[in-house]
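Trainee: Have a look at the structure that comes next, please.
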Amino acid sequence: MSVRVKMRTLILVISTLFCVACLHAQTNYYTTTKTFNQDGYIYQCDVRASGFVTLYNKSNKLINVYPVYKNTGESFVQTDAGIKLLESDTWTRSKRFSIVNAAFSDSEKQMLKGHDFYIIMYINSSTGRVDEVSFEFHKSDPFAAIPVSVYRKIETEIKKDLWFTLTAEGKMLSYIFYCWAQEPK
C-alpha cells in the first residue's frame with residue numbers, strides 16, 4: 001500500500017472519529033434540577049430521582065397543585081368515569097400538534113424521531129384559555145438536547161392560539177389539566 005493511500009485512510013479514520021464524537025457530544029441541558037434565566041423569561045427544570053424532567057415557566061402557579069371544585073374545595077380526581085370537562089371540537093387537536101411540530105427544526109425532528117414527550121396544559125376553567133404549560137421527558141431522551149427557547153416557543157404559541165369550550169362540569173373546577181404525548185414531525 002502506498003504512503004498516499006495510508007495517509008488518506010488515516011485522515012478518513014480520524015475524520016470519522018471526530019464525527020462520531022460530535023454525535024455523542026450533544027449538550028444535555030436537563031441533567032440536574034436548575035433554573036434557566038434567559039431572554040426575559042425564567043424556566044425551572046426539576047429532575048426527579050427516576051430521571052424524569054419537568055420543565056416549566058418559573059411563573060407557573062399550578063405545578064403540583066391539584067384541581068379542586070371551586071365551590072367546595074374538594075379535590076377533583078380525573079378517572080375514566082366519563083366526566084367530560086371540555087366540549088368536543090375539531091380544531092384544537094390539529095392546532096396543538098401543528099404548534100409543537102413547527103417549533104422544532106428539521107434536524108431536531110430527525111434527532112427526535114421515534115421519541116415522544118408530554119405537553120401539559122393548565123386550562124382556565126372560566127375562560128377556556130391555556131394559562132400555563134409544562135413539559136415532561138426523561139433526562140436521557142433526545143429532548144434533553146433541545147434548548148429552553150424551543151419549549152418557550154411552544155408555550156407562547158399554545159397560550160396565544162388555543163382555547164377550549166368547557167362543559168358545565170369543567171367550569172366547576174379551579175382549572176383543567178390536559179396532557180398529551182407527541183413525537184414532533
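Chain identifiers are assigned as A, B, and so on, following the order in which chains appear in the C-alpha cells; residues are numbered from 1 within each chain, and ligands are numbered from 1 in order of appearance.
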Just the residues within 12 Å of A:Asp39, please, counting only C-alpha atoms, with nothing from its chain fewer than 2 positions along; format it as a count of residues only.

Mentor: 8

Trainee: Would you pick out the contacts of stretch 94-106 of chain A at 7 Å or less, using only C-alpha atoms, so that residues sharing its chain but fewer than 4 positions from it are not included, and give the list as a list in words?

Mentor: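 What passes the distance filter is Gln110, Val150, Lys153, Ile154, Glu157, Ile158, Pro184 and Lys185 of chain A.
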
Trainee: Write out, as a PDB file, in the first residue's frame, the residues just selected, with C-alpha atoms.

Mentor:
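The resulting file, selection-v6.pdb, is shown below:
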```
ATOM      1  CA  GLN A 110     -34.640  13.928  12.826  1.00  0.00           C
ATOM      2  CA  VAL A 150     -37.872  25.791  21.755  1.00  0.00           C
ATOM      3  CA  LYS A 153     -41.887  28.952  21.751  1.00  0.00           C
ATOM      4  CA  ILE A 154     -44.326  26.062  22.196  1.00  0.00           C
ATOM      5  CA  GLU A 157     -47.881  29.739  20.826  1.00  0.00           C
ATOM      6  CA  ILE A 158     -50.212  27.425  22.762  1.00  0.00           C
ATOM      7  CA  PRO A 184     -42.501  16.094  16.618  1.00  0.00           C
ATOM      8  CA  LYS A 185     -42.883  15.510  12.857  1.00  0.00           C
TER       9      LYS A 185
END
```

Trainee: Between A:Glu183, A:Ser134, A:Asn124, A:Glu169, which one has atoms that come closest to A:Gln78, using only C-alpha atoms?

Mentor: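 That would be A:Glu169, the residue with the smallest distance to A:Gln78.
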
Trainee: Nearest residue to A:Ala49 out of A:Val130, A:Ile120, A:His138, A:Tyr151, using only C-alpha atoms?

Mentor: A:His138

Trainee: Taking the backbone alone, and naming residues the way the document does, which bits of stretch 37-143 of chain A are strand (DSSP E) by DSSP, as number ranges by chain?

Mentor: A: 37-38, 41-47, 52-57, 117-124, 130-138

Trainee: Write the residues you've just listed into a file as a PDB file, in the first residue's frame, and include C-alpha atoms for each of them.

Mentor:
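Below is the file result33.pdb, written as the result:
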```pdb
ATOM      1  CA  ASN A  37     -32.792  32.674  33.122  1.00  0.00           C
ATOM      2  CA  GLN A  38     -32.653  33.949  29.554  1.00  0.00           C
ATOM      3  CA  TYR A  41     -38.110  34.586  30.881  1.00  0.00           C
ATOM      4  CA  ILE A  42     -37.178  32.116  33.600  1.00  0.00           C
ATOM      5  CA  TYR A  43     -37.715  28.368  33.291  1.00  0.00           C
ATOM      6  CA  GLN A  44     -37.433  25.781  36.033  1.00  0.00           C
ATOM      7  CA  CYS A  45     -36.119  22.278  35.374  1.00  0.00           C
ATOM      8  CA  ASP A  46     -36.978  19.731  38.067  1.00  0.00           C
ATOM      9  CA  VAL A  47     -35.272  16.340  37.706  1.00  0.00           C
ATOM     10  CA  PHE A  52     -37.860  12.299  34.547  1.00  0.00           C
ATOM     11  CA  VAL A  53     -37.666  16.013  33.868  1.00  0.00           C
ATOM     12  CA  THR A  54     -40.438  18.547  34.385  1.00  0.00           C
ATOM     13  CA  LEU A  55     -39.690  21.798  32.558  1.00  0.00           C
ATOM     14  CA  TYR A  56     -41.908  24.842  33.070  1.00  0.00           C
ATOM     15  CA  ASN A  57     -42.086  28.602  33.220  1.00  0.00           C
ATOM     16  CA  PHE A 117     -42.613  13.842  25.147  1.00  0.00           C
ATOM     17  CA  TYR A 118     -45.509  15.109  27.230  1.00  0.00           C
ATOM     18  CA  ILE A 119     -47.028  18.534  26.882  1.00  0.00           C
ATOM     19  CA  ILE A 120     -49.268  19.549  29.784  1.00  0.00           C
ATOM     20  CA  MET A 121     -51.764  22.400  29.596  1.00  0.00           C
ATOM     21  CA  TYR A 122     -53.440  24.031  32.561  1.00  0.00           C
ATOM     22  CA  ILE A 123     -56.705  25.409  31.186  1.00  0.00           C
ATOM     23  CA  ASN A 124     -58.535  28.302  32.842  1.00  0.00           C
ATOM     24  CA  VAL A 130     -54.478  27.971  28.407  1.00  0.00           C
ATOM     25  CA  ASP A 131     -52.921  29.689  31.431  1.00  0.00           C
ATOM     26  CA  GLU A 132     -49.838  27.519  31.869  1.00  0.00           C
ATOM     27  CA  VAL A 133     -47.837  24.866  30.008  1.00  0.00           C
ATOM     28  CA  SER A 134     -45.215  22.376  31.182  1.00  0.00           C
ATOM     29  CA  PHE A 135     -43.209  19.598  29.541  1.00  0.00           C
ATOM     30  CA  GLU A 136     -42.051  16.158  30.660  1.00  0.00           C
ATOM     31  CA  PHE A 137     -39.414  13.803  29.257  1.00  0.00           C
ATOM     32  CA  HIS A 138     -36.600  11.621  30.549  1.00  0.00           C
TER      33      HIS A 138
END
```

Trainee: Please list as number ranges by chain every residue within 9 Å of A:Lys171, counting only C-alpha atoms and excluding residues in the same chain fewer than 6 positions away.

Mentor: A: 70, 85, 124-128

Trainee: Which one is closest to A:Gly170: A:Asp89, A:Gly51, A:Thr35, A:Ile83? Count only C-alpha atoms.

Mentor: A:Ile83

Trainee: Counting only C-alpha atoms, which residue out of A:Ala168, A:Trp163, A:Gly114, A:Ala144 sits closest to A:Thr32?

Mentor: A:Ala144

Trainee: Determine the nearest neighbour of A:Gly73 from the options A:Met172, A:Trp91, A:Lys160, A:Ala145, counting only C-alpha atoms.

Mentor: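 Answer, going by the shortest atom-to-atom distance: A:Met172.
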
Trainee: With distances taken over only C-alpha atoms, which residue among A:Thr90, A:Ser107, A:Phe164, A:Pro147 lies nearest A:Ile176?

Mentor: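 Once distances to A:Ile176 are computed over only C-alpha atoms, the minimum belongs to A:Phe164.
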
Trainee: Counting only C-alpha atoms, what is within 10 Å of A:Ser75, bar same-chain residues fewer than 3 positions away, as an MDAnalysis selection string?

Mentor: chainID A and resid 66:70 72 78 173:174

Trainee: Among stretch 61-170 of chain A, which residues does DSSP mark as alpha helix (DSSP H) when it is run on the backbone? Keep the chain and numbering as in the structure and answer as a ChimeraX atom specification.

Mentor: /A:92-103,106-112,148-161,168-170
